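**Q** Have a look at this one before I ask anything.
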Amino acid sequence: MDTKADNRQTFPVYIHACAMNSALGATQQESVKRLASGFSPDMCLESGWLNDGGDTVVGKVTSQLPEIDASLQNKNTRNNRLALSALMQIESQIEQAIQQYGADRVAVVVGSSTSGIADGELALAAKQQTGRLPDDYHYHQQEVGNLGEFVADYFQIAGPVYTISTACSSSGRVFLSAKRLLKAGIVDAVVVGGADSLCKLTLNGFHGLEALSNEFCNPFSENRKGINIGEAAAFMLLSRQKNDTGLALLGAGDSSDAHHISAPHPEGKGAIEAMHKALLDAQLQPAQIGYINAHGTATKLNDAMESKAIYSLFSDTVAVSSTKPFTGHTLGAASILEAAICWLVLDQNLDLPKQINDGNYDPSLAPIRFVQEDQKLAKPAILSNSFAFGGNNISLIFGYADE
């Protein structure tokens, strides 16, 4: 692999606000508490989702979601209400950026894989019973781009607006797009984020792939049986203007190995490339990474590939864990949610998230070092991985900028 630095101008992208809502918690405070306890009560076994009548564990958002104004009726979906529940936590910071820079100098770049599909499922069920679709249903609600348009319309943002949908790396790629917009001088601030909500389409799709577990997910365990799907929304406000803390996106790397439509490259080719490019972009060495938030889906193939990829770059010198036992795999929202968890660790000097599983680590995996006890971040930066169908990979590095 070419180890020469590329010719991009490296610069930090400062994080001015961050908010999330998931099975880990509806607020930062609740999320911090559950991370410390090692348990999320909103990870639960449920029936009614799978077409064959089986049960599955899901990560649910149980907090009450805000209503969407009637003027945005075509954007009134559970997915957008979930997004709004996070956005309202940082509404004042977003509005301040709009006032400072102008509505046309703020962009919205978000990721989603489900959008309003769940609302479409309910509408079709109603049509089967009554012969007509509900009056408040419109196809536009389940278009992928609906999320980005909703965020822009809600805040009356007039800059570039788009929604990225690359499966489980969707809301990680938003950081790359935001960085390019800022570097090009097209905008001065970007609202980045993602939201995905539970729906039967994705649950049954993963069930059909035999990737879904009816037990709590068990990342990196010898007994792992697959993923738990969750729902979540998380958002950040980014700009090149330095914030009070210096906390920033330091680097981002992507790859597309296109090994298989749903299986990762067994040697971790794309994962290694994404992590390597993120290190180059951040101008950091592997020894400067203190924690890796692994994609860690608890499928046989992903965990084997990812452990091999991490070991090839970092050996056993960096602490690793997957936080999906707290949240489920939130698909298009996974990258931004896990980025938000990394932000929490940095911003509040939290203990690193422990690796939650049954304790029976798979001896066939590459011998990376997992977080198993109370441990603080000993080095200045965190790397977070997300790997998607088709080999669409993203690695992000967060830390404190020196500028």
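Every chain in the structure tokens takes a letter, A first, then B, and so on in the order presented; its residues are numbered from 1, and the ligands are numbered from 1 following the presented order.
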Would you list the contacts of stretch 99-116 of chain A as an MDAnalysis selection string, taking every protein, DNA or RNA residue within 6 Å and counting only C-alpha atoms, but skipping same-chain residues closer than 4 positions in sequence?
**A** chainID A and resid 77 79 141:142 144 148 157:165 167 170:171 174 187:196 332
**Q** Near stretch 272-279 of chain A, within 6 Å and counting only C-alpha atoms, which residues show up once chain neighbours fewer than 2 positions away are dropped, as a tab-separated table (two decimals) with N, CA and C atoms, in the first residue's frame?
**A**
```
chain	number	residue	atom	x	y	z
A	251	GLY	N	-9.46	13.57	10.94
A	251	GLY	CA	-9.20	12.90	9.68
A	251	GLY	C	-10.32	11.95	9.31
A	252	ALA	N	-10.42	11.67	8.01
A	252	ALA	CA	-11.42	10.74	7.51
A	252	ALA	C	-10.85	10.00	6.32
A	253	GLY	N	-11.14	8.72	6.26
A	253	GLY	CA	-10.68	7.90	5.14
A	253	GLY	C	-11.76	6.98	4.68
A	254	ASP	N	-11.83	6.74	3.37
A	254	ASP	CA	-12.86	5.86	2.83
A	254	ASP	C	-12.25	4.88	1.84
A	255	SER	N	-13.01	3.87	1.49
A	255	SER	CA	-12.61	2.93	0.45
A	255	SER	C	-13.86	2.22	-0.05
A	268	GLY	N	-9.83	-8.01	4.97
A	268	GLY	CA	-9.99	-6.65	5.46
A	268	GLY	C	-9.34	-5.61	4.57
A	269	LYS	N	-9.24	-5.89	3.28
A	269	LYS	CA	-8.54	-4.98	2.36
A	269	LYS	C	-9.12	-3.57	2.41
A	270	GLY	N	-10.45	-3.45	2.27
A	270	GLY	CA	-11.06	-2.13	2.28
A	270	GLY	C	-11.00	-1.46	3.63
A	281	ASP	N	-4.84	11.42	6.54
A	281	ASP	CA	-5.58	12.67	6.52
A	281	ASP	C	-5.37	13.45	7.82
A	282	ALA	N	-5.32	12.72	8.93
A	282	ALA	CA	-5.11	13.36	10.24
A	282	ALA	C	-3.64	13.64	10.53
A	283	GLN	N	-2.76	13.14	9.67
A	283	GLN	CA	-1.31	13.24	9.89
A	283	GLN	C	-0.93	12.66	11.25
A	284	LEU	N	-1.46	11.47	11.52
A	284	LEU	CA	-1.18	10.76	12.75
A	284	LEU	C	-0.57	9.40	12.45
A	309	ALA	N	-7.95	-6.69	10.22
A	309	ALA	CA	-7.57	-5.38	9.67
A	309	ALA	C	-6.96	-4.49	10.75
A	394	ILE	N	-15.73	3.41	5.81
A	394	ILE	CA	-15.37	4.74	6.30
A	394	ILE	C	-14.69	4.61	7.66
A	395	SER	N	-13.63	5.36	7.85
A	395	SER	CA	-12.96	5.46	9.15
A	395	SER	C	-12.80	6.93	9.49
```
**Q** Report, in Å with one decimal, the straight-line distance from atom CA of A:Cys44 to atom CA of A:Glu231.
**A** 12.4 Å
**Q** Taking into account only C-alpha atoms, which residue in the set A:Leu313, A:Ile341, A:Tyr139, A:Asn223 is nearest to A:Gly25?
**A**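 Of the candidates, the smallest distance to A:Gly25 is held by A:Ile341.
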**Q** Select, from A:Ala70, A:Leu201, A:Val320, A:Leu350, the residue with the minimum atom-to-atom distance to A:Phe370, counting only C-alpha atoms.
**A**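 That would be A:Val320, the residue with the smallest distance to A:Phe370.
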**Q** Name the closest residue to A:Ser22 among the candidates A:Gln348, A:Thr202, A:Asn80, A:Ser40; distances are taken between atoms, counting only C-alpha atoms.
**A**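 Of the candidates, the smallest distance to A:Ser22 is held by A:Ser40.
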**Q** What is the atom CA of A:Ala248-atom CA of A:Asn293 distance in Å, reported with one decimal?
**A** 16.3 Å
**Q** Quick one: everything within 10 Å of A:Pro134, counting only C-alpha atoms, minus sequence neighbours fewer than 5 positions away in the same chain. Send it as a list in words.
**A**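 After dropping sequence-adjacent residues, the list is Leu122, Ala123, Leu124, Ala125, Ala126 and Lys127 of chain A.
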**Q** Hey, what's within 12 Å of A:Met305 if we count only C-alpha atoms and toss same-chain stuff fewer than 3 positions away? As a PyMOL selection string, please?
**A** chain A and resi 220+263-272+294-302+308-312+364-366+368+387+391
**Q** Take the residues from that selection and write them out as a tab-separated table (two decimals), in the first residue's frame, keeping N, CA and C atoms.
**A**
```
chain	number	residue	atom	x	y	z
A	220	PHE	N	-17.34	-10.20	18.73
A	220	PHE	CA	-16.02	-10.81	18.90
A	220	PHE	C	-16.04	-12.05	19.80
A	263	ALA	N	-20.97	-9.29	1.87
A	263	ALA	CA	-19.90	-9.81	2.73
A	263	ALA	C	-18.65	-8.95	2.59
A	264	PRO	N	-17.94	-8.71	3.69
A	264	PRO	CA	-16.70	-7.91	3.61
A	264	PRO	C	-15.56	-8.72	3.02
A	265	HIS	N	-14.56	-8.02	2.52
A	265	HIS	CA	-13.35	-8.68	2.03
A	265	HIS	C	-12.73	-9.47	3.19
A	266	PRO	N	-12.49	-10.77	3.05
A	266	PRO	CA	-12.06	-11.59	4.19
A	266	PRO	C	-10.73	-11.16	4.80
A	267	GLU	N	-9.86	-10.52	4.01
A	267	GLU	CA	-8.58	-10.06	4.54
A	267	GLU	C	-8.64	-8.63	5.04
A	268	GLY	N	-9.83	-8.01	4.97
A	268	GLY	CA	-9.99	-6.65	5.46
A	268	GLY	C	-9.34	-5.61	4.57
A	269	LYS	N	-9.24	-5.89	3.28
A	269	LYS	CA	-8.54	-4.98	2.36
A	269	LYS	C	-9.12	-3.57	2.41
A	270	GLY	N	-10.45	-3.45	2.27
A	270	GLY	CA	-11.06	-2.13	2.28
A	270	GLY	C	-11.00	-1.46	3.63
A	271	ALA	N	-11.13	-2.25	4.70
A	271	ALA	CA	-11.06	-1.70	6.06
A	271	ALA	C	-9.67	-1.13	6.34
A	272	ILE	N	-8.65	-1.86	5.94
A	272	ILE	CA	-7.28	-1.40	6.14
A	272	ILE	C	-7.05	-0.10	5.38
A	294	ALA	N	-14.97	-0.06	17.16
A	294	ALA	CA	-15.05	-0.99	16.05
A	294	ALA	C	-16.45	-1.04	15.46
A	295	HIS	N	-16.51	-1.39	14.18
A	295	HIS	CA	-17.82	-1.64	13.56
A	295	HIS	C	-18.50	-2.78	14.32
A	296	GLY	N	-17.77	-3.85	14.59
A	296	GLY	CA	-18.17	-4.88	15.55
A	296	GLY	C	-19.62	-5.32	15.52
A	297	THR	N	-20.07	-5.87	14.40
A	297	THR	CA	-21.49	-6.19	14.25
A	297	THR	C	-21.90	-7.49	14.93
A	298	ALA	N	-20.94	-8.33	15.30
A	298	ALA	CA	-21.20	-9.65	15.88
A	298	ALA	C	-21.62	-10.67	14.84
A	299	THR	N	-21.35	-10.41	13.56
A	299	THR	CA	-21.47	-11.45	12.55
A	299	THR	C	-20.13	-12.16	12.43
A	300	LYS	N	-20.17	-13.40	11.98
A	300	LYS	CA	-18.94	-14.19	11.86
A	300	LYS	C	-17.93	-13.50	10.95
A	301	LEU	N	-18.39	-13.05	9.78
A	301	LEU	CA	-17.46	-12.52	8.78
A	301	LEU	C	-16.93	-11.15	9.16
A	302	ASN	N	-17.79	-10.25	9.64
A	302	ASN	CA	-17.31	-8.90	9.95
A	302	ASN	C	-16.28	-8.92	11.07
A	308	LYS	N	-8.72	-8.68	12.01
A	308	LYS	CA	-7.52	-8.87	11.20
A	308	LYS	C	-7.01	-7.53	10.67
A	309	ALA	N	-7.95	-6.69	10.22
A	309	ALA	CA	-7.57	-5.38	9.67
A	309	ALA	C	-6.96	-4.49	10.75
A	310	ILE	N	-7.58	-4.45	11.93
A	310	ILE	CA	-7.05	-3.63	13.02
A	310	ILE	C	-5.66	-4.12	13.44
A	311	TYR	N	-5.50	-5.43	13.55
A	311	TYR	CA	-4.21	-5.98	13.98
A	311	TYR	C	-3.11	-5.67	12.99
A	312	SER	N	-3.46	-5.64	11.70
A	312	SER	CA	-2.44	-5.39	10.68
A	312	SER	C	-1.86	-4.00	10.80
A	364	SER	N	-9.95	-17.67	17.39
A	364	SER	CA	-9.51	-17.68	15.99
A	364	SER	C	-9.34	-16.27	15.43
A	365	LEU	N	-9.79	-15.26	16.17
A	365	LEU	CA	-9.66	-13.89	15.71
A	365	LEU	C	-8.24	-13.38	15.93
A	366	ALA	N	-7.85	-12.39	15.14
A	366	ALA	CA	-6.56	-11.74	15.37
A	366	ALA	C	-6.55	-11.17	16.79
A	368	ILE	N	-6.34	-8.74	18.85
A	368	ILE	CA	-6.41	-7.33	19.22
A	368	ILE	C	-6.78	-7.21	20.70
A	387	PHE	N	-18.42	-0.14	8.26
A	387	PHE	CA	-18.24	-0.88	7.02
A	387	PHE	C	-19.61	-1.31	6.50
A	391	GLY	N	-18.76	-3.24	0.28
A	391	GLY	CA	-17.41	-2.82	0.63
A	391	GLY	C	-17.26	-1.32	0.70
```
**Q** Name the residues of stretch 72-194 of chain A that fall into alpha helix (DSSP H) according to DSSP on the backbone, using the chain letters and numbers of this document, as a PyMOL selection string.
**A** chain A and resi 78-87+91-101+117-130+146-155+170-183
**Q** Go ahead and write the selection's residues with C-alpha atoms as a tab-separated table (two decimals), in the first residue's frame.
**A**
```tsv
chain	number	residue	atom	x	y	z
A	78	ARG	CA	-41.21	8.63	12.60
A	79	ASN	CA	-37.71	8.86	11.13
A	80	ASN	CA	-37.90	12.65	10.95
A	81	ARG	CA	-39.48	12.91	14.39
A	82	LEU	CA	-36.61	10.82	15.70
A	83	ALA	CA	-34.19	13.16	13.94
A	84	LEU	CA	-35.95	16.17	15.42
A	85	SER	CA	-35.64	14.73	18.94
A	86	ALA	CA	-31.86	15.00	18.57
A	87	LEU	CA	-31.80	18.24	16.58
A	91	GLU	CA	-31.21	23.90	18.02
A	92	SER	CA	-29.78	27.06	19.55
A	93	GLN	CA	-26.27	26.35	18.24
A	94	ILE	CA	-27.58	25.65	14.73
A	95	GLU	CA	-29.66	28.82	14.74
A	96	GLN	CA	-26.66	30.81	15.96
A	97	ALA	CA	-24.59	29.49	13.03
A	98	ILE	CA	-27.33	30.51	10.60
A	99	GLN	CA	-27.41	34.00	12.09
A	100	GLN	CA	-23.61	34.26	12.01
A	101	TYR	CA	-22.98	32.99	8.50
A	117	ILE	CA	-40.12	3.22	5.04
A	118	ALA	CA	-41.85	2.30	8.33
A	119	ASP	CA	-44.58	4.86	7.57
A	120	GLY	CA	-44.99	3.33	4.11
A	121	GLU	CA	-45.42	-0.09	5.70
A	122	LEU	CA	-48.18	1.26	7.96
A	123	ALA	CA	-49.86	3.01	5.03
A	124	LEU	CA	-49.92	-0.16	2.95
A	125	ALA	CA	-51.32	-2.13	5.89
A	126	ALA	CA	-54.08	0.46	6.22
A	127	LYS	CA	-54.85	0.20	2.51
A	128	GLN	CA	-55.21	-3.56	2.81
A	129	GLN	CA	-57.83	-3.03	5.49
A	130	THR	CA	-59.70	0.00	4.13
A	146	ASN	CA	-36.61	13.24	2.76
A	147	LEU	CA	-34.41	13.44	5.86
A	148	GLY	CA	-32.03	16.06	4.49
A	149	GLU	CA	-34.89	18.12	3.08
A	150	PHE	CA	-36.67	18.00	6.43
A	151	VAL	CA	-33.63	19.28	8.34
A	152	ALA	CA	-33.14	22.11	5.85
A	153	ASP	CA	-36.83	23.06	5.83
A	154	TYR	CA	-37.10	22.95	9.61
A	155	PHE	CA	-34.20	25.38	10.05
A	170	SER	CA	-24.10	6.48	5.28
A	171	SER	CA	-23.70	8.85	8.21
A	172	GLY	CA	-19.93	8.41	8.25
A	173	ARG	CA	-19.52	9.59	4.69
A	174	VAL	CA	-21.28	12.83	5.66
A	175	PHE	CA	-18.05	13.93	7.36
A	176	LEU	CA	-16.08	13.55	4.14
A	177	SER	CA	-18.68	15.53	2.21
A	178	ALA	CA	-18.83	18.23	4.89
A	179	LYS	CA	-15.05	18.55	4.90
A	180	ARG	CA	-14.99	19.02	1.14
A	181	LEU	CA	-17.70	21.69	1.27
A	182	LEU	CA	-15.78	23.57	3.95
A	183	LYS	CA	-12.43	23.21	2.18
```
